[in-house]
$ cat target_9.txt   # compact mmCIF, C-alpha atoms
# COMPACT_ATOMS: atom_id res chain seq x y z
CA MET A 1 34.60 80.17 -10.97
CA ASN A 2 31.24 81.63 -12.03
CA LYS A 3 27.83 80.11 -11.32
CA ILE A 4 27.39 78.74 -14.87
CA ALA A 5 30.70 76.87 -14.69
CA ILE A 6 29.75 75.41 -11.29
CA LEU A 7 26.39 74.17 -12.67
CA ILE A 8 28.11 72.54 -15.68
CA LEU A 9 30.58 70.72 -13.42
CA ALA A 10 27.74 69.53 -11.16
CA LEU A 11 25.80 68.25 -14.18
CA VAL A 12 28.86 66.40 -15.50
CA SER A 13 29.37 64.81 -12.07
CA VAL A 14 25.75 63.62 -11.90
CA LEU A 15 25.90 62.18 -15.41
CA SER A 16 29.18 60.46 -14.64
CA ALA A 17 27.71 58.95 -11.46
CA LYS A 18 24.66 57.71 -13.37
CA GLY A 19 26.95 56.24 -16.00
CA GLU A 20 28.94 54.41 -13.35
CA VAL A 21 25.74 52.99 -11.79
CA SER A 22 24.49 51.88 -15.19
CA ALA A 23 27.83 50.31 -15.95
CA LYS A 24 27.75 48.46 -12.64
CA LYS A 25 24.25 47.18 -13.39
CA LYS A 26 25.32 46.00 -16.82
CA ALA A 27 28.31 44.29 -15.27
CA VAL A 28 26.25 42.58 -12.57
CA GLU A 29 23.45 41.21 -14.77
CA PRO A 30 25.62 38.89 -16.92
CA ILE A 31 27.43 37.69 -13.80
CA GLU A 32 24.09 36.66 -12.25
CA ALA A 33 23.05 34.99 -15.50
CA ASP A 34 26.35 33.18 -15.66
CA SER A 35 25.93 32.05 -12.05
CA LEU A 36 22.42 30.68 -12.75
CA THR A 37 23.66 28.83 -15.82
CA LEU A 38 26.63 27.47 -13.90
CA LEU A 39 24.45 26.20 -11.05
CA ILE A 40 22.11 24.39 -13.46
CA GLN A 41 24.97 22.94 -15.50
CA THR A 42 26.63 21.67 -12.33
CA GLY A 43 23.35 20.10 -11.25
CA ASP A 44 22.95 18.51 -14.69
CA SER A 45 26.44 17.05 -14.53
CA LEU A 46 25.74 15.52 -11.13
CA MET A 47 22.41 14.11 -12.35
CA GLN A 48 24.25 12.38 -15.20
CA GLN A 49 26.31 10.67 -12.50
CA TYR A 50 23.07 9.74 -10.64
CA ASN A 51 24.25 11.89 -7.74
CA THR A 52 20.86 13.40 -6.95
CA PHE A 53 21.94 14.27 -3.42
CA GLU A 54 24.54 16.83 -4.56
CA ALA A 55 22.52 17.89 -7.62
CA LEU A 56 19.59 18.86 -5.42
CA ARG A 57 21.65 21.52 -3.65
CA TYR A 58 22.65 23.22 -6.91
CA TYR A 59 19.12 23.12 -8.35
CA GLN A 60 17.73 24.57 -5.11
CA GLN A 61 20.24 27.45 -5.29
CA ALA A 62 19.37 28.07 -8.94
CA PHE A 63 15.64 28.10 -8.19
CA ALA A 64 16.17 30.44 -5.22
CA MET A 65 18.22 32.77 -7.42
CA LYS A 66 15.59 32.91 -10.17
CA ASP A 67 12.30 31.06 -10.62
CA THR A 68 12.43 30.18 -14.31
CA LEU A 69 10.79 27.32 -16.21
CA GLU A 70 14.17 25.63 -16.46
CA SER A 71 15.15 25.99 -12.80
CA ARG A 72 11.68 24.88 -11.65
CA THR A 73 11.47 21.79 -13.88
CA LYS A 74 15.07 20.78 -13.15
CA LEU A 75 14.42 20.96 -9.41
CA ALA A 76 11.15 19.05 -9.83
CA ASP A 77 12.92 16.33 -11.82
CA CYS A 78 15.53 15.95 -9.09
CA TYR A 79 12.85 15.68 -6.42
CA TYR A 80 11.03 13.09 -8.53
CA GLN A 81 14.17 10.96 -8.96
CA ARG A 82 14.60 11.06 -5.18
CA GLY A 83 11.01 9.95 -4.50
CA ASN A 84 9.88 13.29 -3.10
CA TYR A 85 6.63 13.28 -5.03
CA ARG A 86 4.91 15.94 -2.92
CA GLN A 87 7.58 18.53 -3.76
CA THR A 88 7.53 17.46 -7.42
CA ALA A 89 3.78 17.99 -7.71
CA ASP A 90 3.86 21.28 -5.82
CA LEU A 91 6.44 22.67 -8.25
CA LEU A 92 4.96 21.38 -11.52
CA LYS A 93 1.27 22.07 -10.89
CA LEU A 94 2.02 25.82 -11.03
CA VAL A 95 3.60 25.61 -14.48
CA PRO A 96 1.23 26.47 -17.38
CA GLU A 97 0.24 23.18 -19.00
CA ASP A 98 1.35 24.26 -22.47
CA SER A 99 4.82 24.89 -21.04
CA LEU A 100 5.22 21.39 -19.57
CA SER A 101 7.28 18.90 -21.52
CA HIS A 102 5.89 15.39 -21.90
CA GLU A 103 8.29 14.10 -19.25
CA ALA A 104 7.45 16.89 -16.78
CA PHE A 105 3.72 16.31 -17.36
CA ARG A 106 4.21 12.59 -16.66
CA GLN A 107 6.10 13.37 -13.47
CA LEU A 108 3.27 15.62 -12.33
CA ALA A 109 0.57 12.99 -12.93
CA LEU A 110 2.62 10.05 -11.64
CA SER A 111 3.57 11.95 -8.49
CA TYR A 112 -0.09 11.92 -7.49
CA GLN A 113 -0.45 8.27 -8.47
CA LYS A 114 2.54 7.30 -6.34
CA GLN A 115 1.00 9.13 -3.36
CA ASN A 116 -2.29 7.24 -3.87
CA GLU A 117 -4.10 10.52 -4.51
CA THR A 118 -6.39 8.92 -7.08
CA ASP A 119 -8.68 11.86 -7.79
CA ALA A 120 -5.74 14.18 -8.48
CA TYR A 121 -4.11 11.51 -10.64
CA ILE A 122 -7.30 11.08 -12.66
CA TYR A 123 -7.46 14.84 -13.27
CA TRP A 124 -3.82 15.35 -14.27
CA SER A 125 -3.62 12.16 -16.32
CA GLY A 126 -6.65 13.42 -18.24
CA GLN A 127 -4.94 16.74 -18.87
CA LEU A 128 -1.84 14.93 -20.06
CA LEU A 129 -3.78 12.69 -22.45
CA GLU A 130 -5.39 15.75 -24.01
CA ARG A 131 -1.91 16.60 -25.31
CA PHE A 132 -0.36 13.13 -25.55
CA PRO A 133 -3.23 10.68 -26.22
CA MET A 134 -0.97 7.74 -27.15
CA ASP A 135 0.87 7.55 -23.83
CA GLY A 136 -0.14 3.94 -23.14
CA GLU A 137 1.22 3.79 -19.60
CA ILE A 138 -0.87 6.79 -18.56
CA VAL A 139 -3.95 5.40 -20.34
CA ALA A 140 -3.56 2.11 -18.45
CA GLY A 141 -3.02 3.89 -15.14
CA ARG A 142 -6.04 6.12 -15.64
CA THR A 143 -8.24 3.17 -16.61
CA LEU A 144 -7.24 1.33 -13.42
CA ALA A 145 -7.71 4.49 -11.36
CA PHE A 146 -11.33 4.74 -12.47
CA THR A 147 -11.79 1.07 -11.56
CA ARG A 148 -10.38 1.69 -8.07
CA VAL A 149 -12.91 4.45 -7.42
CA ASN A 150 -15.78 2.21 -8.56
CA GLN A 151 -16.22 3.92 -11.90
CA PRO A 152 -15.10 1.12 -14.25
CA GLU A 153 -17.36 2.39 -17.02
CA LYS A 154 -15.23 5.57 -17.27
CA GLY A 155 -12.10 3.43 -17.32
CA ILE A 156 -13.58 1.43 -20.20
CA VAL A 157 -14.18 4.63 -22.19
CA CYS A 158 -10.58 5.71 -21.56
CA GLY A 159 -9.12 2.35 -22.60
CA MET A 160 -11.38 1.86 -25.62
CA LYS A 161 -10.52 5.30 -26.97
CA TYR A 162 -6.87 4.27 -27.04
CA CYS A 163 -7.65 0.84 -28.53
CA LEU A 164 -9.27 2.48 -31.56
CA ARG A 165 -5.69 3.13 -32.69
CA ASP A 166 -3.69 0.43 -30.92
CA THR A 167 -4.90 -2.99 -29.71
CA THR A 168 -1.46 -4.43 -28.96
CA ASN A 169 -0.45 -2.50 -25.83
CA ILE A 170 -0.32 -5.08 -23.03
CA LEU A 171 -0.56 -2.49 -20.24
CA VAL A 172 -3.73 -1.01 -21.71
CA ASN A 173 -5.23 -4.43 -22.46
CA ARG A 174 -4.65 -5.58 -18.86
CA ALA A 175 -6.26 -2.46 -17.43
CA LEU A 176 -9.18 -2.61 -19.84
CA ALA A 177 -9.78 -6.31 -19.12
CA ASP A 178 -9.87 -5.60 -15.40
CA ALA A 179 -12.28 -2.71 -15.96
CA TRP A 180 -14.64 -4.94 -17.98
CA PHE A 181 -14.38 -7.58 -15.24
CA MET A 182 -15.20 -5.08 -12.48
CA ASN A 183 -18.10 -3.88 -14.62
CA ARG A 184 -19.29 -7.53 -14.62
CA ASP A 185 -19.17 -7.82 -18.39
CA PHE A 186 -17.34 -11.12 -18.28
CA LYS A 187 -17.67 -11.90 -21.99
CA ALA A 188 -15.97 -8.64 -22.96
CA ALA A 189 -13.33 -9.20 -20.29
CA SER A 190 -12.69 -12.78 -21.45
CA LYS A 191 -11.96 -11.58 -24.99
CA LEU A 192 -9.31 -9.22 -23.69
CA TYR A 193 -7.78 -11.83 -21.39
CA GLU A 194 -7.65 -14.19 -24.38
CA ARG A 195 -5.87 -11.46 -26.37
CA LEU A 196 -3.37 -11.01 -23.55
CA LEU A 197 -2.65 -14.72 -23.37
CA GLN A 198 -2.12 -14.80 -27.13
CA GLN A 199 0.33 -11.92 -26.72
CA GLY A 200 2.33 -14.07 -24.31
CA ASP A 201 1.25 -12.32 -21.11
CA SER A 202 1.59 -15.18 -18.64
CA THR A 203 1.87 -13.22 -15.39
CA PHE A 204 0.03 -14.46 -12.31
CA ASN A 205 -2.48 -11.58 -12.31
CA THR A 206 -3.48 -12.15 -15.92
CA LEU A 207 -3.79 -15.94 -15.55
CA TYR A 208 -5.68 -15.69 -12.26
CA SER A 209 -8.06 -12.97 -13.48
CA ALA A 210 -8.64 -14.83 -16.75
CA GLY A 211 -9.40 -18.02 -14.84
CA MET A 212 -11.96 -16.29 -12.62
CA CYS A 213 -13.49 -14.62 -15.67
CA TYR A 214 -13.84 -17.90 -17.59
CA ALA A 215 -15.40 -19.50 -14.50
CA GLN A 216 -18.05 -16.78 -14.48
CA ILE A 217 -19.14 -17.65 -18.04
CA ASP A 218 -18.92 -21.42 -17.39
CA SER A 219 -15.90 -21.94 -19.64
CA LEU A 220 -14.59 -24.35 -17.04
CA ASN A 221 -11.83 -26.00 -19.06
CA GLN A 222 -10.40 -22.62 -19.98
CA ALA A 223 -10.72 -21.54 -16.34
CA TYR A 224 -8.82 -24.63 -15.19
CA ASN A 225 -6.12 -24.09 -17.84
CA CYS A 226 -5.53 -20.57 -16.48
CA LEU A 227 -5.87 -21.21 -12.75
CA LEU A 228 -3.52 -24.19 -12.65
CA PRO A 229 -0.44 -22.39 -14.06
CA ALA A 230 -1.35 -19.33 -11.97
CA PHE A 231 -1.32 -21.46 -8.83
CA GLN A 232 1.96 -23.07 -9.84
CA LEU A 233 3.53 -19.62 -10.28
CA THR A 234 2.87 -18.97 -6.57
CA GLN A 235 4.59 -22.23 -5.57
CA MET A 236 1.09 -23.35 -4.51
CA GLN A 237 0.91 -20.70 -1.77
CA HIS A 238 -2.02 -18.54 -2.93
CA ALA A 239 -5.07 -19.48 -0.86
CA ASN A 240 -7.73 -17.86 -3.05
CA CYS A 241 -6.26 -19.36 -6.20
CA ALA A 242 -6.25 -22.81 -4.57
CA TYR A 243 -9.88 -22.32 -3.59
CA ARG A 244 -10.94 -21.22 -7.09
CA LEU A 245 -9.02 -24.10 -8.65
CA GLY A 246 -10.68 -26.53 -6.25
CA VAL A 247 -14.18 -25.29 -7.10
CA VAL A 248 -13.54 -25.47 -10.85
CA SER A 249 -12.05 -28.97 -10.54
CA VAL A 250 -15.10 -30.21 -8.64
CA ASP A 251 -17.40 -28.64 -11.24
CA LEU A 252 -15.42 -30.53 -13.89
CA HIS A 253 -16.10 -33.73 -11.88
CA SER A 254 -12.43 -34.11 -10.91
CA TYR A 255 -13.55 -34.63 -7.35
CA GLU A 256 -10.38 -35.97 -5.74
CA GLU A 257 -8.23 -33.27 -7.35
CA GLY A 258 -10.75 -30.59 -6.41
CA LEU A 259 -10.98 -31.72 -2.79
CA ALA A 260 -7.20 -31.76 -2.56
CA TYR A 261 -7.06 -28.13 -3.72
CA LEU A 262 -9.86 -27.13 -1.33
CA ASN A 263 -8.13 -28.80 1.62
CA HIS A 264 -4.90 -27.07 0.68
CA ALA A 265 -6.73 -23.73 0.50
CA LEU A 266 -8.11 -24.33 3.99
CA LYS A 267 -4.62 -24.92 5.35
CA LEU A 268 -3.29 -21.80 3.66
CA MET A 269 -6.12 -19.71 5.09
CA GLN A 270 -5.43 -20.77 8.67
CA PRO A 271 -3.55 -18.06 10.58
CA ASP A 272 0.06 -18.43 11.60
CA THR A 273 0.12 -20.13 15.00
CA THR A 274 3.12 -18.27 16.33
CA VAL A 275 1.67 -14.90 15.42
CA MET A 276 -1.76 -15.77 16.81
CA LYS A 277 -0.23 -16.87 20.11
CA ALA A 278 1.34 -13.45 20.57
CA ILE A 279 -1.71 -11.51 19.36
CA THR A 280 -4.28 -13.30 21.52
CA LEU A 281 -2.10 -13.13 24.62
CA SER A 282 -1.59 -9.39 24.18
CA GLN A 283 -5.29 -8.90 23.53
CA GLY A 284 -6.14 -10.64 26.79
CA GLU A 285 -3.74 -8.47 28.74
CA GLY A 286 -4.99 -5.31 27.05
CA TYR A 287 -8.64 -6.08 27.74
CA TYR A 288 -7.83 -7.02 31.34
CA LEU A 289 -5.93 -3.81 32.01
CA THR A 290 -8.79 -1.74 30.58
CA LYS A 291 -11.28 -3.65 32.79
CA GLN A 292 -13.01 -5.34 29.85
CA TYR A 293 -12.91 -8.66 31.67
CA ASP A 294 -15.37 -10.59 29.51
CA LYS A 295 -13.34 -9.74 26.39
CA ALA A 296 -10.13 -10.62 28.22
CA VAL A 297 -11.47 -14.07 29.00
CA GLU A 298 -12.53 -14.65 25.38
CA ALA A 299 -9.09 -13.59 24.14
CA TRP A 300 -7.37 -15.92 26.62
CA LYS A 301 -9.62 -18.79 25.57
CA LEU A 302 -8.69 -18.17 21.94
CA HIS A 303 -5.05 -18.08 23.02
CA LEU A 304 -5.43 -21.58 24.45
CA THR A 305 -6.55 -22.89 21.06
CA TYR A 306 -3.16 -21.87 19.67
CA ASN A 307 -1.16 -22.52 22.85
CA PRO A 308 -2.90 -25.21 24.94
CA SER A 309 0.23 -25.68 27.08
CA SER A 310 -0.03 -22.13 28.50
CA ILE A 311 -0.66 -23.15 32.14
CA ALA A 312 -0.88 -19.59 33.46
CA THR A 313 -3.68 -18.77 31.01
CA TYR A 314 -5.99 -21.34 32.63
CA TYR A 315 -5.28 -19.73 35.99
CA ASN A 316 -5.96 -16.22 34.65
CA ILE A 317 -9.29 -17.29 33.16
CA ALA A 318 -10.34 -19.01 36.38
CA SER A 319 -9.45 -15.98 38.48
CA ALA A 320 -11.33 -13.61 36.16
CA TYR A 321 -14.43 -15.80 36.25
CA TYR A 322 -14.39 -16.07 40.05
CA TYR A 323 -13.33 -12.62 41.22
CA LEU A 324 -14.51 -10.36 38.39
CA LEU A 325 -17.34 -12.03 36.48
CA SER A 326 -18.97 -13.98 39.33
CA ASP A 327 -19.23 -17.13 37.23
CA VAL A 328 -18.37 -19.84 39.77
CA PRO A 329 -19.02 -22.91 37.55
CA GLN A 330 -16.67 -21.59 34.86
CA ALA A 331 -14.11 -20.64 37.51
CA LYS A 332 -14.19 -24.20 38.89
CA SER A 333 -13.81 -25.71 35.42
CA TYR A 334 -10.72 -23.69 34.60
CA LEU A 335 -9.20 -24.18 38.05
CA GLU A 336 -9.43 -27.92 37.54
CA GLN A 337 -7.86 -27.63 34.09
CA PHE A 338 -5.10 -25.46 35.53
CA LEU A 339 -4.31 -27.91 38.33
CA GLN A 340 -4.33 -30.85 35.95
CA ALA A 341 -1.79 -29.14 33.68
CA ALA A 342 0.32 -27.66 36.51
CA ARG A 343 0.74 -30.98 38.32
CA ARG A 344 2.27 -32.51 35.24
CA GLU A 345 5.23 -30.14 35.67
CA GLN A 346 8.08 -32.14 37.23
CA ASN A 347 10.01 -29.19 38.64
CA PRO A 348 7.58 -26.30 39.22
CA ASN A 349 9.20 -22.97 40.03
CA ALA A 350 8.25 -20.84 43.03
CA LYS A 351 5.69 -18.81 41.09
CA LEU A 352 3.90 -21.88 39.76
CA THR A 353 3.94 -23.49 43.19
CA GLU A 354 2.29 -20.40 44.66
CA MET A 355 -0.37 -20.47 41.93
CA ILE A 356 -1.06 -24.16 42.60
CA ASN A 357 -1.56 -23.49 46.32
CA LYS A 358 -3.92 -20.58 45.63
CA ALA A 359 -5.87 -22.65 43.11
CA ASP A 360 -6.22 -25.49 45.63
CA GLU A 361 -7.53 -23.09 48.28
CA LEU A 362 -9.99 -21.47 45.89
CA LEU A 363 -11.24 -24.80 44.58
CA TYR A 364 -11.69 -26.02 48.18
CA THR A 365 -13.73 -22.88 48.95
CA ILE A 366 -15.92 -23.39 45.88
CA ASN A 367 -16.56 -27.05 46.72
CA ALA A 368 -17.27 -26.23 50.36
CA LEU A 369 -19.84 -23.61 49.36
CA LYS A 370 -21.48 -26.07 47.02
CA THR A 371 -21.67 -28.75 49.75
CA ARG A 372 -23.13 -26.24 52.20
CA ARG A 373 -25.82 -25.19 49.76
CA GLN A 374 -26.72 -28.79 49.01
CA GLY A 375 -26.95 -29.49 52.79
CA ARG A 376 -29.58 -26.82 53.13
$ encode --input "target_9.txt" --output "C-alpha cells"
Amino acid sequence: MNKIAILILALVSVLSAKGEVSAKKKAVEPIEADSLTLLIQTGDSLMQQYNTFEALRYYQQAFAMKDTLESRTKLADCYYQRGNYRQTADLLKLVPEDSLSHEAFRQLALSYQKQNETDAYIYWSGQLLERFPMDGEIVAGRTLAFTRVNQPEKGIVCGMKYCLRDTTNILVNRALADAWFMNRDFKAASKLYERLLQQGDSTFNTLYSAGMCYAQIDSLNQAYNCLLPAFQLTQMQHANCAYRLGVVSVDLHSYEEGLAYLNHALKLMQPDTTVMKAITLSQGEGYYLTKQYDKAVEAWKLHLTYNPSSIATYYNIASAYYYLLSDVPQAKSYLEQFLQAARREQNPNAKLTEMINKADELLYTINALKTRRQGR
C-alpha cells in the first residue's frame, strides 16, 4: 500500500472516531435531560402527596445535576414547606428578581420574617411590593415590621399607600391601626379600629387595642365596650386587660365594678407559688455555692414568703448570718424561728434532730456571749 493510501485510511479512521464521539455526546445529552426531568417530576408527584421528606431527595439530586431556575425554585419550595427557612432564603436570594414567581418571592420574604430577621424582611418585602403592590398580607407584615423596629411612620406610609386602592383588607387595617397607635396618633388609630369592628373583626387583639386607644382619647364608654368583651374572650385571665378595664370602670364612676377588676388584676399578676418556691430555693443555693452569701440570704428569705413551712431554710439563714456574715442578732432571730418550727414536728428524723441540737448549742453560745458582755 502506498503512502497516499495509508494517509487516506488514517484520515477516515480519525473522522470515524470523531463521529463516534459526537454520536456518543448526542446520545448522552438527552439521557441527562430526561434524568433531570424525571427527578423533578418524581419530586412533584411526591409533593402532591405532601411527602416532602421523599420529595426533598429527588429535588436535591436534580439541583446537584443541574442548577436551573426550575430545580432551584422546586428545591426552595420543598425546604419552605418543611420549615427550613434558612435554606429557602439562601437558594432564592440568588435568583434574579425578575425571574422569581410571585409565590417564590413570597417564600423568600416570609422566610426572613419567620426567622425574625426583620431588616431582611423589610428589604425583601419592599422588593416584592414593587412588583406585586396589592399583596395585602405582605403589606400588613411590612407595616408591622416597621412598627417593631420603632419606625411606625414608615409603616403608616406603607399601609396608606395600599389603602388608596383598598380599604377593606382586615390584615392591612389591623397593621395600620397598630402603627398609628404606636405613633401616638390615637384619633387616627381609633378610626381604623372602628372600621375593623364594623367589619366584624372581634378578635382579642383588636378589641383590646381599640379599648386602650379609646381610653387615650377619653372615649370611656367605647373603651369599656371593647375591653369587657376582650376580657371575656380570655376567660378573665388577662391581667393587663383586667387592669385597664378596672381603671376605665373607676373613671366611669362604676367604683365597685372597677375595684373588683383591679383586685382581680392584682391576683393575676401575682407569681405562681409553686414555681416561685423552686426558683427562690435554687437561687439561694446558687448564690451560696458561688460565695455570694448576702444574696443567698435574701433569696432564702424570699423563699420563706412562698414556703413558710420550709424549716431547713430558717436554719440555713441563721448559719449564714452567724458564720459568714457576722450578723449575730439576725442569726439569733432565725435560730429562734427555726427551733420554734422544728419543735412542732412530732416525729423529727435524724437530720432534723441533729440540726435542732446544733441550733440549741449555737443559741446557747450567743446568749452566753451576750450575758458576758452585759456583765462587763
$ atom_distance --input "target_9.txt" --atom1 "CA of Ala299 (chain A)" --atom2 "CA of Leu266 (chain A)"
22.9 Å
$ residues_around --input "target_9.txt" --residues "Ala55 (chain A)" --least-positions-apart "3" --cutoff "12 Å" --atoms "only C-alpha atoms" --output "list in words"
Leu39, Ile40, Gln41, Thr42, Gly43, Asp44, Ser45, Leu46, Met47, Gln48, Gln49, Tyr50, Asn51, Thr52, Tyr58, Tyr59, Gln60, Gln61, Ala62, Lys74, Leu75, Ala76, Asp77, Cys78, Tyr79, Gln81 and Arg82 of chain A
$ write_last_selection --input "target_9.txt" --atoms "C-alpha atoms" --output "PDB file, in the coordinates of the input"
ATOM      1  CA  LEU A  39      24.450  26.200 -11.050  1.00  0.00           C
ATOM      2  CA  ILE A  40      22.110  24.390 -13.460  1.00  0.00           C
ATOM      3  CA  GLN A  41      24.970  22.940 -15.500  1.00  0.00           C
ATOM      4  CA  THR A  42      26.630  21.670 -12.330  1.00  0.00           C
ATOM      5  CA  GLY A  43      23.350  20.100 -11.250  1.00  0.00           C
ATOM      6  CA  ASP A  44      22.950  18.510 -14.690  1.00  0.00           C
ATOM      7  CA  SER A  45      26.440  17.050 -14.530  1.00  0.00           C
ATOM      8  CA  LEU A  46      25.740  15.520 -11.130  1.00  0.00           C
ATOM      9  CA  MET A  47      22.410  14.110 -12.350  1.00  0.00           C
ATOM     10  CA  GLN A  48      24.250  12.380 -15.200  1.00  0.00           C
ATOM     11  CA  GLN A  49      26.310  10.670 -12.500  1.00  0.00           C
ATOM     12  CA  TYR A  50      23.070   9.740 -10.640  1.00  0.00           C
ATOM     13  CA  ASN A  51      24.250  11.890  -7.740  1.00  0.00           C
ATOM     14  CA  THR A  52      20.860  13.400  -6.950  1.00  0.00           C
ATOM     15  CA  TYR A  58      22.650  23.220  -6.910  1.00  0.00           C
ATOM     16  CA  TYR A  59      19.120  23.120  -8.350  1.00  0.00           C
ATOM     17  CA  GLN A  60      17.730  24.570  -5.110  1.00  0.00           C
ATOM     18  CA  GLN A  61      20.240  27.450  -5.290  1.00  0.00           C
ATOM     19  CA  ALA A  62      19.370  28.070  -8.940  1.00  0.00           C
ATOM     20  CA  LYS A  74      15.070  20.780 -13.150  1.00  0.00           C
ATOM     21  CA  LEU A  75      14.420  20.960  -9.410  1.00  0.00           C
ATOM     22  CA  ALA A  76      11.150  19.050  -9.830  1.00  0.00           C
ATOM     23  CA  ASP A  77      12.920  16.330 -11.820  1.00  0.00           C
ATOM     24  CA  CYS A  78      15.530  15.950  -9.090  1.00  0.00           C
ATOM     25  CA  TYR A  79      12.850  15.680  -6.420  1.00  0.00           C
ATOM     26  CA  GLN A  81      14.170  10.960  -8.960  1.00  0.00           C
ATOM     27  CA  ARG A  82      14.600  11.060  -5.180  1.00  0.00           C
TER      28      ARG A  82
END
$ closest_residue --input "target_9.txt" --among "A:Thr274, A:Asn173, A:Thr313, A:Thr371" --to "Cys158 (chain A)" --atoms "only C-alpha atoms"
A:Asn173
$ closest_residue --input "target_9.txt" --among "A:Cys226, A:Val275, A:Val157, A:Val248" --to "Ala179 (chain A)" --atoms "only C-alpha atoms"
A:Val157
$ residues_around --input "target_9.txt" --residues "Met160 (chain A)" --least-positions-apart "3" --cutoff "10 Å" --atoms "only C-alpha atoms" --output "MDAnalysis selection string"
chainID A and resid 139 143 154:157 163:167 172:173 176
$ atom_distance --input "target_9.txt" --atom1 "CA of Gly284 (chain A)" --atom2 "CA of Trp300 (chain A)"
5.4 Å
$ residues_around --input "target_9.txt" --residues "Pro229 (chain A)" --least-positions-apart "2" --cutoff "12 Å" --atoms "all atoms listed in the file" --output "list in words"
Ser202, Thr203, Phe204, Asn205, Thr206, Leu207, Tyr208, Ala210, Gly211, Gln222, Ala223, Tyr224, Asn225, Cys226, Leu227, Phe231, Gln232, Leu233, Thr234, Gln235, Met236, His238, Cys241, Ala242 and Leu245 of chain A
$ write_last_selection --input "target_9.txt" --atoms "C-alpha atoms" --output "CSV table (one decimal), in the coordinates of the input"
chain,number,residue,atom,x,y,z
A,202,SER,CA,1.6,-15.2,-18.6
A,203,THR,CA,1.9,-13.2,-15.4
A,204,PHE,CA,0.0,-14.5,-12.3
A,205,ASN,CA,-2.5,-11.6,-12.3
A,206,THR,CA,-3.5,-12.2,-15.9
A,207,LEU,CA,-3.8,-15.9,-15.6
A,208,TYR,CA,-5.7,-15.7,-12.3
A,210,ALA,CA,-8.6,-14.8,-16.8
A,211,GLY,CA,-9.4,-18.0,-14.8
A,222,GLN,CA,-10.4,-22.6,-20.0
A,223,ALA,CA,-10.7,-21.5,-16.3
A,224,TYR,CA,-8.8,-24.6,-15.2
A,225,ASN,CA,-6.1,-24.1,-17.8
A,226,CYS,CA,-5.5,-20.6,-16.5
A,227,LEU,CA,-5.9,-21.2,-12.8
A,231,PHE,CA,-1.3,-21.5,-8.8
A,232,GLN,CA,2.0,-23.1,-9.8
A,233,LEU,CA,3.5,-19.6,-10.3
A,234,THR,CA,2.9,-19.0,-6.6
A,235,GLN,CA,4.6,-22.2,-5.6
A,236,MET,CA,1.1,-23.4,-4.5
A,238,HIS,CA,-2.0,-18.5,-2.9
A,241,CYS,CA,-6.3,-19.4,-6.2
A,242,ALA,CA,-6.2,-22.8,-4.6
A,245,LEU,CA,-9.0,-24.1,-8.6
$ closest_residue --input "target_9.txt" --among "A:Gln199, A:Ser190, A:Ser326, A:Asn240" --to "Ile217 (chain A)" --atoms "all atoms listed in the file"
A:Ser190
$ closest_residue --input "target_9.txt" --among "A:Leu339, A:Phe53, A:Ala368, A:Glu103" --to "Thr73 (chain A)" --atoms "only C-alpha atoms"
A:Glu103
$ atom_distance --input "target_9.txt" --atom1 "CA of Pro271 (chain A)" --atom2 "CA of Ile311 (chain A)"
22.3 Å
